[in-house]
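Listing of target25.cif, mmCIF, C-alpha atoms
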```cif
data_query
#
loop_
_atom_site.label_atom_id
_atom_site.label_comp_id
_atom_site.auth_asym_id
_atom_site.auth_seq_id
_atom_site.Cartn_x
_atom_site.Cartn_y
_atom_site.Cartn_z
CA MET A 874 6.50 24.08 8.60
CA ARG A 875 8.12 22.93 5.37
CA ALA A 876 6.40 20.10 3.53
CA ALA A 877 7.29 17.94 0.56
CA ILE A 878 4.64 16.12 -1.47
CA VAL A 879 5.91 13.01 -3.27
CA LEU A 880 4.46 12.38 -6.73
CA PHE A 881 4.22 8.94 -8.31
CA PRO A 882 2.80 8.16 -11.72
CA GLY A 883 -0.92 7.93 -10.94
CA SER A 884 -0.95 10.09 -7.81
CA ASN A 885 -3.94 12.42 -8.21
CA ARG A 886 -4.68 14.09 -4.87
CA ASP A 887 -1.48 16.12 -4.80
CA ALA A 888 -3.28 19.41 -5.48
CA ASP A 889 -5.60 18.73 -2.52
CA ALA A 890 -2.58 18.06 -0.31
CA ALA A 891 -0.86 21.24 -1.51
CA ARG A 892 -3.96 23.36 -0.91
CA ALA A 893 -4.40 21.99 2.61
CA LEU A 894 -0.74 22.50 3.49
CA ARG A 895 -0.74 26.02 2.04
CA GLN A 896 -3.82 26.95 4.08
CA VAL A 897 -2.56 25.43 7.31
CA SER A 898 1.10 26.40 7.21
CA GLY A 899 1.17 29.46 4.96
CA VAL A 900 4.23 27.89 3.33
CA GLU A 901 4.22 26.64 -0.25
CA PRO A 902 4.94 22.87 -0.25
CA THR A 903 7.55 21.40 -2.60
CA PHE A 904 6.67 18.64 -5.06
CA VAL A 905 9.19 15.80 -5.29
CA TRP A 906 9.21 13.29 -8.16
CA HIS A 907 9.37 9.60 -7.20
CA ASP A 908 12.62 9.09 -9.08
CA GLU A 909 14.58 11.69 -7.10
CA SER A 910 17.15 10.33 -4.67
CA GLU A 911 16.93 13.16 -2.12
CA LEU A 912 14.24 15.16 -0.39
CA PRO A 913 14.56 18.97 -0.31
CA THR A 914 16.69 20.18 2.60
CA ALA A 915 15.10 20.94 5.96
CA VAL A 916 11.75 19.27 5.21
CA ASP A 917 9.57 18.81 8.30
CA LEU A 918 6.72 16.79 6.79
CA VAL A 919 6.65 14.40 3.84
CA VAL A 920 3.22 13.74 2.38
CA LEU A 921 2.35 10.76 0.18
CA PRO A 922 -0.92 11.82 -1.47
CA GLY A 923 -3.91 9.80 -2.60
CA GLY A 924 -4.50 8.37 -6.05
CA PHE A 925 -3.70 5.25 -8.01
CA SER A 926 0.08 5.08 -8.12
CA TYR A 927 1.18 2.75 -10.93
CA GLY A 928 -2.48 2.03 -11.60
CA ASP A 929 -2.65 -0.14 -8.45
CA TYR A 930 -0.69 -2.70 -10.48
CA LEU A 931 0.57 -5.82 -8.63
CA ARG A 932 -0.80 -4.59 -5.25
CA CYS A 933 -1.90 -1.10 -4.27
CA GLY A 934 1.19 0.96 -3.44
CA ALA A 935 3.57 -1.97 -4.00
CA ILE A 936 5.56 -0.47 -6.85
CA ALA A 937 5.58 3.06 -5.40
CA ALA A 938 6.93 1.64 -2.13
CA ARG A 939 10.04 0.53 -4.03
CA ALA A 940 10.59 3.88 -5.80
CA ARG A 941 13.97 5.58 -5.52
CA ILE A 942 12.71 8.44 -3.30
CA MET A 943 11.48 6.02 -0.65
CA SER A 944 14.92 5.39 0.87
CA ALA A 945 15.14 9.14 1.53
CA VAL A 946 11.63 9.09 3.01
CA THR A 947 12.59 6.14 5.23
CA ALA A 948 15.75 7.92 6.38
CA HIS A 949 13.70 11.06 7.11
CA ALA A 950 11.32 8.98 9.26
CA ALA A 951 14.23 7.26 11.02
CA ARG A 952 15.57 10.71 11.98
CA GLY A 953 12.22 11.53 13.56
CA GLY A 954 10.83 13.44 10.58
CA LEU A 955 7.07 13.40 10.03
CA VAL A 956 5.46 11.39 7.24
CA LEU A 957 1.76 11.45 6.34
CA GLY A 958 0.26 8.98 3.88
CA VAL A 959 -3.27 9.67 2.66
CA CYS A 960 -5.27 6.82 1.11
CA ASN A 961 -2.92 5.39 -1.55
CA GLY A 962 -0.13 7.14 0.35
CA PHE A 963 -1.05 5.07 3.40
CA GLN A 964 -1.01 1.90 1.27
CA ILE A 965 2.47 2.87 0.09
CA LEU A 966 3.69 3.33 3.69
CA CYS A 967 2.39 -0.15 4.62
CA GLU A 968 4.04 -1.74 1.58
CA ALA A 969 7.27 0.12 2.39
CA GLY A 970 7.25 -1.31 5.91
CA LEU A 971 7.09 2.17 7.47
CA LEU A 972 3.74 1.17 8.92
CA PRO A 973 2.91 -2.36 10.10
CA GLY A 974 0.28 -4.51 8.45
CA VAL A 975 -1.06 -5.01 4.99
CA LEU A 976 -4.24 -3.82 3.31
CA MET A 977 -6.72 -6.31 1.94
CA ARG A 978 -10.00 -5.82 0.09
CA ASN A 979 -12.96 -5.15 2.37
CA ALA A 980 -14.39 -8.50 3.46
CA ASP A 981 -17.95 -7.69 2.43
CA MET A 982 -16.76 -6.62 -1.04
CA ARG A 983 -18.23 -3.15 -0.62
CA PHE A 984 -16.47 0.09 -1.34
CA ILE A 985 -17.13 2.21 1.75
CA CYS A 986 -17.91 5.84 1.04
CA ARG A 987 -19.29 7.72 4.02
CA MET A 988 -18.49 10.00 6.93
CA GLN A 989 -16.66 8.28 9.77
CA HIS A 990 -16.29 9.41 13.38
CA LEU A 991 -12.89 8.95 14.99
CA ARG A 992 -11.92 9.60 18.61
CA VAL A 993 -8.56 11.11 19.50
CA GLU A 994 -6.96 8.44 21.72
CA THR A 995 -3.74 10.31 22.37
CA THR A 996 -2.56 13.87 21.91
CA GLN A 997 1.06 12.76 22.39
CA SER A 998 1.70 12.99 18.69
CA SER A 999 2.64 15.76 16.29
CA PHE A 1000 -0.45 14.90 14.30
CA THR A 1001 -2.92 15.13 17.19
CA ARG A 1002 -1.47 17.57 19.70
CA ALA A 1003 -3.82 20.38 18.63
CA TYR A 1004 -6.83 18.27 19.59
CA ARG A 1005 -8.28 17.61 23.07
CA PRO A 1006 -7.91 14.06 24.44
CA GLY A 1007 -11.08 12.12 23.64
CA GLN A 1008 -12.22 14.66 21.04
CA VAL A 1009 -14.45 13.15 18.37
CA LEU A 1010 -13.72 14.08 14.78
CA LYS A 1011 -15.59 13.44 11.57
CA PHE A 1012 -13.73 12.47 8.39
CA ALA A 1013 -14.90 11.56 4.91
CA ILE A 1014 -13.72 8.08 3.97
CA ALA A 1015 -13.69 6.39 0.57
CA GLN A 1016 -12.01 3.02 0.63
CA GLY A 1017 -12.09 -0.45 -0.79
CA GLU A 1018 -9.46 -1.92 1.54
CA ALA A 1019 -9.01 -2.48 5.26
CA ILE A 1020 -5.86 -3.09 7.25
CA THR A 1021 -5.10 -6.55 8.55
CA ARG A 1022 -2.19 -7.95 10.51
CA ARG A 1023 -0.49 -11.30 10.74
CA THR A 1024 -2.93 -12.55 13.33
CA GLY A 1025 -5.66 -12.16 10.76
CA ARG A 1026 -7.67 -9.86 12.98
CA ARG A 1027 -9.18 -7.19 10.78
CA LEU A 1028 -9.58 -3.55 11.73
CA PRO A 1029 -12.43 -1.98 9.77
CA GLY A 1030 -10.91 0.21 7.08
CA MET B 1279 15.95 -19.40 -18.97
CA LYS B 1280 12.25 -19.22 -18.33
CA ALA B 1281 10.58 -19.41 -14.96
CA ARG B 1282 6.98 -19.29 -13.84
CA VAL B 1283 6.18 -17.77 -10.44
CA ILE B 1284 2.80 -18.45 -8.86
CA VAL B 1285 1.74 -16.16 -6.00
CA THR B 1286 -1.21 -17.19 -3.84
CA LEU B 1287 -2.81 -15.97 -0.65
CA LYS B 1288 -1.71 -17.92 2.41
CA SER B 1289 -4.20 -20.49 3.58
CA GLY B 1290 -6.67 -18.90 5.96
CA VAL B 1291 -6.32 -15.37 4.57
CA LEU B 1292 -9.70 -14.08 3.49
CA ASP B 1293 -10.04 -13.70 -0.30
CA PRO B 1294 -12.99 -11.39 -1.12
CA GLN B 1295 -12.07 -11.37 -4.80
CA GLY B 1296 -12.18 -15.14 -4.91
CA LYS B 1297 -15.55 -15.05 -3.16
CA ALA B 1298 -16.91 -12.57 -5.68
CA ILE B 1299 -15.70 -14.80 -8.53
CA GLU B 1300 -17.24 -17.84 -6.86
CA GLY B 1301 -20.56 -16.00 -6.67
CA ALA B 1302 -20.37 -15.04 -10.33
CA LEU B 1303 -19.65 -18.64 -11.38
CA SER B 1304 -22.62 -19.80 -9.36
CA THR B 1305 -24.80 -17.18 -11.07
CA LEU B 1306 -23.66 -18.67 -14.39
CA GLY B 1307 -25.19 -21.95 -13.26
CA LEU B 1308 -21.96 -23.80 -12.51
CA ALA B 1309 -22.90 -26.09 -9.66
CA GLY B 1310 -20.77 -27.83 -7.09
CA LEU B 1311 -18.03 -25.21 -6.77
CA THR B 1312 -17.22 -24.95 -3.07
CA SER B 1313 -14.25 -22.61 -3.21
CA VAL B 1314 -12.46 -20.26 -5.58
CA ARG B 1315 -9.30 -18.38 -4.62
CA GLN B 1316 -7.51 -16.03 -6.97
CA GLY B 1317 -3.73 -15.93 -7.40
CA LYS B 1318 -1.21 -14.44 -9.80
CA VAL B 1319 1.17 -15.93 -12.39
CA PHE B 1320 4.40 -14.22 -13.52
CA ASP B 1321 6.28 -15.63 -16.51
CA ILE B 1322 9.86 -14.43 -16.30
CA GLU B 1323 12.71 -14.75 -18.80
CA ILE B 1324 16.11 -14.35 -17.22
CA GLU B 1325 19.75 -14.51 -18.33
CA ALA B 1326 22.07 -15.94 -15.72
CA ALA B 1327 25.28 -17.97 -15.52
CA ASP B 1328 23.42 -21.07 -14.40
CA ARG B 1329 20.12 -22.36 -13.00
CA GLN B 1330 21.13 -21.63 -9.38
CA ALA B 1331 22.05 -18.03 -10.15
CA ALA B 1332 18.74 -17.61 -11.94
CA ALA B 1333 16.85 -19.20 -9.04
CA ASP B 1334 18.53 -16.83 -6.58
CA GLN B 1335 17.53 -13.81 -8.65
CA ILE B 1336 13.93 -14.98 -8.98
CA LYS B 1337 13.71 -15.71 -5.28
CA ALA B 1338 14.92 -12.16 -4.57
CA ALA B 1339 12.31 -10.81 -7.00
CA CYS B 1340 9.59 -12.72 -5.15
CA GLU B 1341 10.70 -11.69 -1.68
CA LYS B 1342 11.30 -8.03 -2.58
CA LEU B 1343 8.28 -7.31 -4.75
CA LEU B 1344 6.21 -10.03 -6.39
CA ALA B 1345 4.78 -11.43 -3.15
CA ASN B 1346 3.73 -9.61 0.00
CA LEU B 1347 5.13 -12.16 2.45
CA ILE B 1348 2.74 -11.12 5.23
CA VAL B 1349 -0.20 -12.67 3.39
CA GLU B 1350 1.14 -14.39 0.26
CA ASP B 1351 3.14 -17.51 -0.61
CA TYR B 1352 5.07 -18.07 -3.84
CA VAL B 1353 6.24 -21.04 -5.86
CA VAL B 1354 8.90 -20.93 -8.58
CA GLU B 1355 9.21 -23.46 -11.36
CA PHE B 1356 11.63 -23.43 -14.27
CA VAL B 1357 10.04 -24.34 -17.58
#
```

As structure tokens - that is how I would like this structure written.
Amino acid sequence: MRAAIVLFPGSNRDADAARALRQVSGVEPTFVWHDESELPTAVDLVVLPGGFSYGDYLRCGAIAARARIMSAVTAHAARGGLVLGVCNGFQILCEAGLLPGVLMRNADMRFICRMQHLRVETTQSSFTRAYRPGQVLKFAIAQGEAITRRTGRRLPG
Amino acid sequence: MKARVIVTLKSGVLDPQGKAIEGALSTLGLAGLTSVRQGKVFDIEIEAADRQAAADQIKAACEKLLANLIVEDYVVEFV
């Protein structure tokens, strides 16, 4: 599996993403600078890593979402290519409209830093097909924002 | 030409930052404040053929970047 990791000014979890991809796929991922207009050829997975792109200026991920590389990332997704956004990368995908919703500061004003259990609801996805349906996973989370949608109903971040 | 854009959260959208600021003002002993909501101001200088052309550009700037239209409103005034 060939992966590309997009770098924005302020991205800082790119090395983590590269290490994980190297371990899992055995293939060295390619780094792509935000100002490029094209992704490398034959990329299977595009990863937007964590960090503080553009210092979280304006809104988290807002400026990165408008970077030149993002039209190539959008086209890749439209063709059925895989895109994974981690933390700030996820914020960027929401701001870019590739994911629905918008992230707002946690309502209780706390930064949440803990382990979180998640249940696999579907294995009909490239990201979850190696799991069993209903499998419970444990992830480390560290976040100051939660996702909300137009209805105003908040999903805990 | 100079324009001022004010971006605010839509009415009804929770504003935890505003709440935190409200709490801090109360801690300072400022009584009677029942609500504080935080917004953003952008002062923009723009060269354009006329006021309408400038207004169109600023509107595009608001809709494409300055405001997240899911949860924010914007107001433009020329100064």

Given all atoms listed in the file, how would the per-residue table for chain A near chain B read, listing every residue at most 9 Å away with its closest atom pair and distance in Å to one decimal, sorted by chain and number, as a Markdown table?
```
| residue | atom | partner | partner_atom | distance |
| --- | --- | --- | --- | --- |
| A:Leu931 | CA | B:Leu1344 | CA | 7.4 |
| A:Arg932 | CA | B:Asn1346 | CA | 8.6 |
| A:Ala935 | CA | B:Leu1343 | CA | 7.2 |
| A:Ile936 | CA | B:Leu1343 | CA | 7.7 |
| A:Arg939 | CA | B:Leu1343 | CA | 8.1 |
| A:Glu968 | CA | B:Asn1346 | CA | 8.0 |
| A:Gly974 | CA | B:Ile1348 | CA | 7.8 |
| A:Val975 | CA | B:Ile1348 | CA | 7.2 |
| A:Met977 | CA | B:Asp1293 | CA | 8.4 |
| A:Arg978 | CA | B:Pro1294 | CA | 6.4 |
| A:Asn979 | CA | B:Pro1294 | CA | 7.1 |
| A:Ala980 | CA | B:Pro1294 | CA | 5.6 |
| A:Asp981 | CA | B:Pro1294 | CA | 7.1 |
| A:Met982 | CA | B:Pro1294 | CA | 6.1 |
| A:Arg1022 | CA | B:Ile1348 | CA | 7.9 |
| A:Arg1023 | CA | B:Ile1348 | CA | 6.4 |
| A:Gly1025 | CA | B:Val1291 | CA | 7.0 |
```

Distance query Thr996 (chain A) at most 6 Å, only C-alpha atoms, self and fewer than 4 positions along chain excluded, as a PyMOL selection string | chain A and resi 1001-1002+1006

Residue members of the PyMOL selection byres ((chain B and resi 1320) around 7) in the file shown, as a ChimeraX atom specification | /B:1282-1284,1318-1319,1321-1322

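Atom pair CA of Leu880 (chain A) / CA of Trp906 (chain A): separated by 5.0 Å.
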
N, CA and C atoms for region 904-934 of chain A, written as a short mmCIF file (atom, residue, chain, number, x, y, z; two decimals), keeping the file's coordinate frame, could you do that?
```cif
data_model
loop_
_atom_site.label_atom_id
_atom_site.label_comp_id
_atom_site.auth_asym_id
_atom_site.auth_seq_id
_atom_site.Cartn_x
_atom_site.Cartn_y
_atom_site.Cartn_z
N PHE A 904 6.98 19.94 -4.45
CA PHE A 904 6.67 18.64 -5.06
C PHE A 904 7.97 17.91 -5.36
N VAL A 905 7.99 16.62 -5.06
CA VAL A 905 9.19 15.80 -5.29
C VAL A 905 8.80 14.61 -6.16
N TRP A 906 9.50 14.40 -7.24
CA TRP A 906 9.21 13.29 -8.16
C TRP A 906 9.75 11.97 -7.59
N HIS A 907 9.04 10.90 -7.80
CA HIS A 907 9.37 9.60 -7.20
C HIS A 907 10.77 9.11 -7.52
N ASP A 908 11.34 9.59 -8.62
CA ASP A 908 12.62 9.09 -9.08
C ASP A 908 13.80 9.89 -8.52
N GLU A 909 13.50 10.94 -7.73
CA GLU A 909 14.58 11.69 -7.10
C GLU A 909 15.22 10.83 -6.02
N SER A 910 16.49 11.11 -5.72
CA SER A 910 17.15 10.33 -4.67
C SER A 910 17.17 11.07 -3.33
N GLU A 911 16.89 12.36 -3.36
CA GLU A 911 16.93 13.16 -2.12
C GLU A 911 15.66 13.96 -1.96
N LEU A 912 15.29 14.21 -0.71
CA LEU A 912 14.24 15.16 -0.39
C LEU A 912 14.85 16.57 -0.35
N PRO A 913 14.02 17.62 -0.50
CA PRO A 913 14.56 18.97 -0.31
C PRO A 913 15.14 19.11 1.09
N THR A 914 16.07 20.03 1.28
CA THR A 914 16.69 20.18 2.60
C THR A 914 15.68 20.74 3.59
N ALA A 915 15.87 20.40 4.84
CA ALA A 915 15.10 20.94 5.96
C ALA A 915 13.59 20.75 5.81
N VAL A 916 13.19 19.58 5.29
CA VAL A 916 11.75 19.27 5.21
C VAL A 916 11.27 18.75 6.56
N ASP A 917 10.13 19.27 7.03
CA ASP A 917 9.57 18.81 8.30
C ASP A 917 8.60 17.64 8.08
N LEU A 918 7.80 17.77 7.03
CA LEU A 918 6.72 16.79 6.79
C LEU A 918 6.78 16.31 5.34
N VAL A 919 6.77 14.99 5.18
CA VAL A 919 6.65 14.40 3.84
C VAL A 919 5.25 13.85 3.69
N VAL A 920 4.58 14.21 2.62
CA VAL A 920 3.22 13.74 2.38
C VAL A 920 3.19 12.83 1.15
N LEU A 921 2.61 11.64 1.33
CA LEU A 921 2.35 10.76 0.18
C LEU A 921 0.86 10.89 -0.11
N PRO A 922 0.49 11.49 -1.24
CA PRO A 922 -0.92 11.82 -1.47
C PRO A 922 -1.73 10.63 -1.98
N GLY A 923 -3.02 10.84 -2.11
CA GLY A 923 -3.91 9.80 -2.60
C GLY A 923 -3.84 9.65 -4.11
N GLY A 924 -4.49 8.61 -4.61
CA GLY A 924 -4.50 8.37 -6.05
C GLY A 924 -4.39 6.90 -6.37
N PHE A 925 -3.85 6.62 -7.54
CA PHE A 925 -3.70 5.25 -8.01
C PHE A 925 -2.29 5.08 -8.56
N SER A 926 -1.31 5.15 -7.66
CA SER A 926 0.08 5.08 -8.12
C SER A 926 0.30 3.77 -8.89
N TYR A 927 0.93 3.91 -10.06
CA TYR A 927 1.18 2.75 -10.93
C TYR A 927 -0.09 1.96 -11.20
N GLY A 928 -1.22 2.68 -11.25
CA GLY A 928 -2.48 2.03 -11.60
C GLY A 928 -2.90 0.94 -10.62
N ASP A 929 -2.38 0.95 -9.39
CA ASP A 929 -2.65 -0.14 -8.45
C ASP A 929 -2.14 -1.48 -8.97
N TYR A 930 -1.19 -1.44 -9.90
CA TYR A 930 -0.69 -2.70 -10.48
C TYR A 930 0.02 -3.53 -9.41
N LEU A 931 -0.03 -4.84 -9.55
CA LEU A 931 0.57 -5.82 -8.63
C LEU A 931 -0.19 -5.81 -7.30
N ARG A 932 -0.02 -4.84 -6.49
CA ARG A 932 -0.80 -4.59 -5.25
C ARG A 932 -0.78 -3.07 -5.08
N CYS A 933 -1.83 -2.55 -4.47
CA CYS A 933 -1.90 -1.10 -4.27
C CYS A 933 -0.66 -0.61 -3.53
N GLY A 934 0.04 0.36 -4.11
CA GLY A 934 1.19 0.96 -3.44
C GLY A 934 2.46 0.14 -3.49
#
```
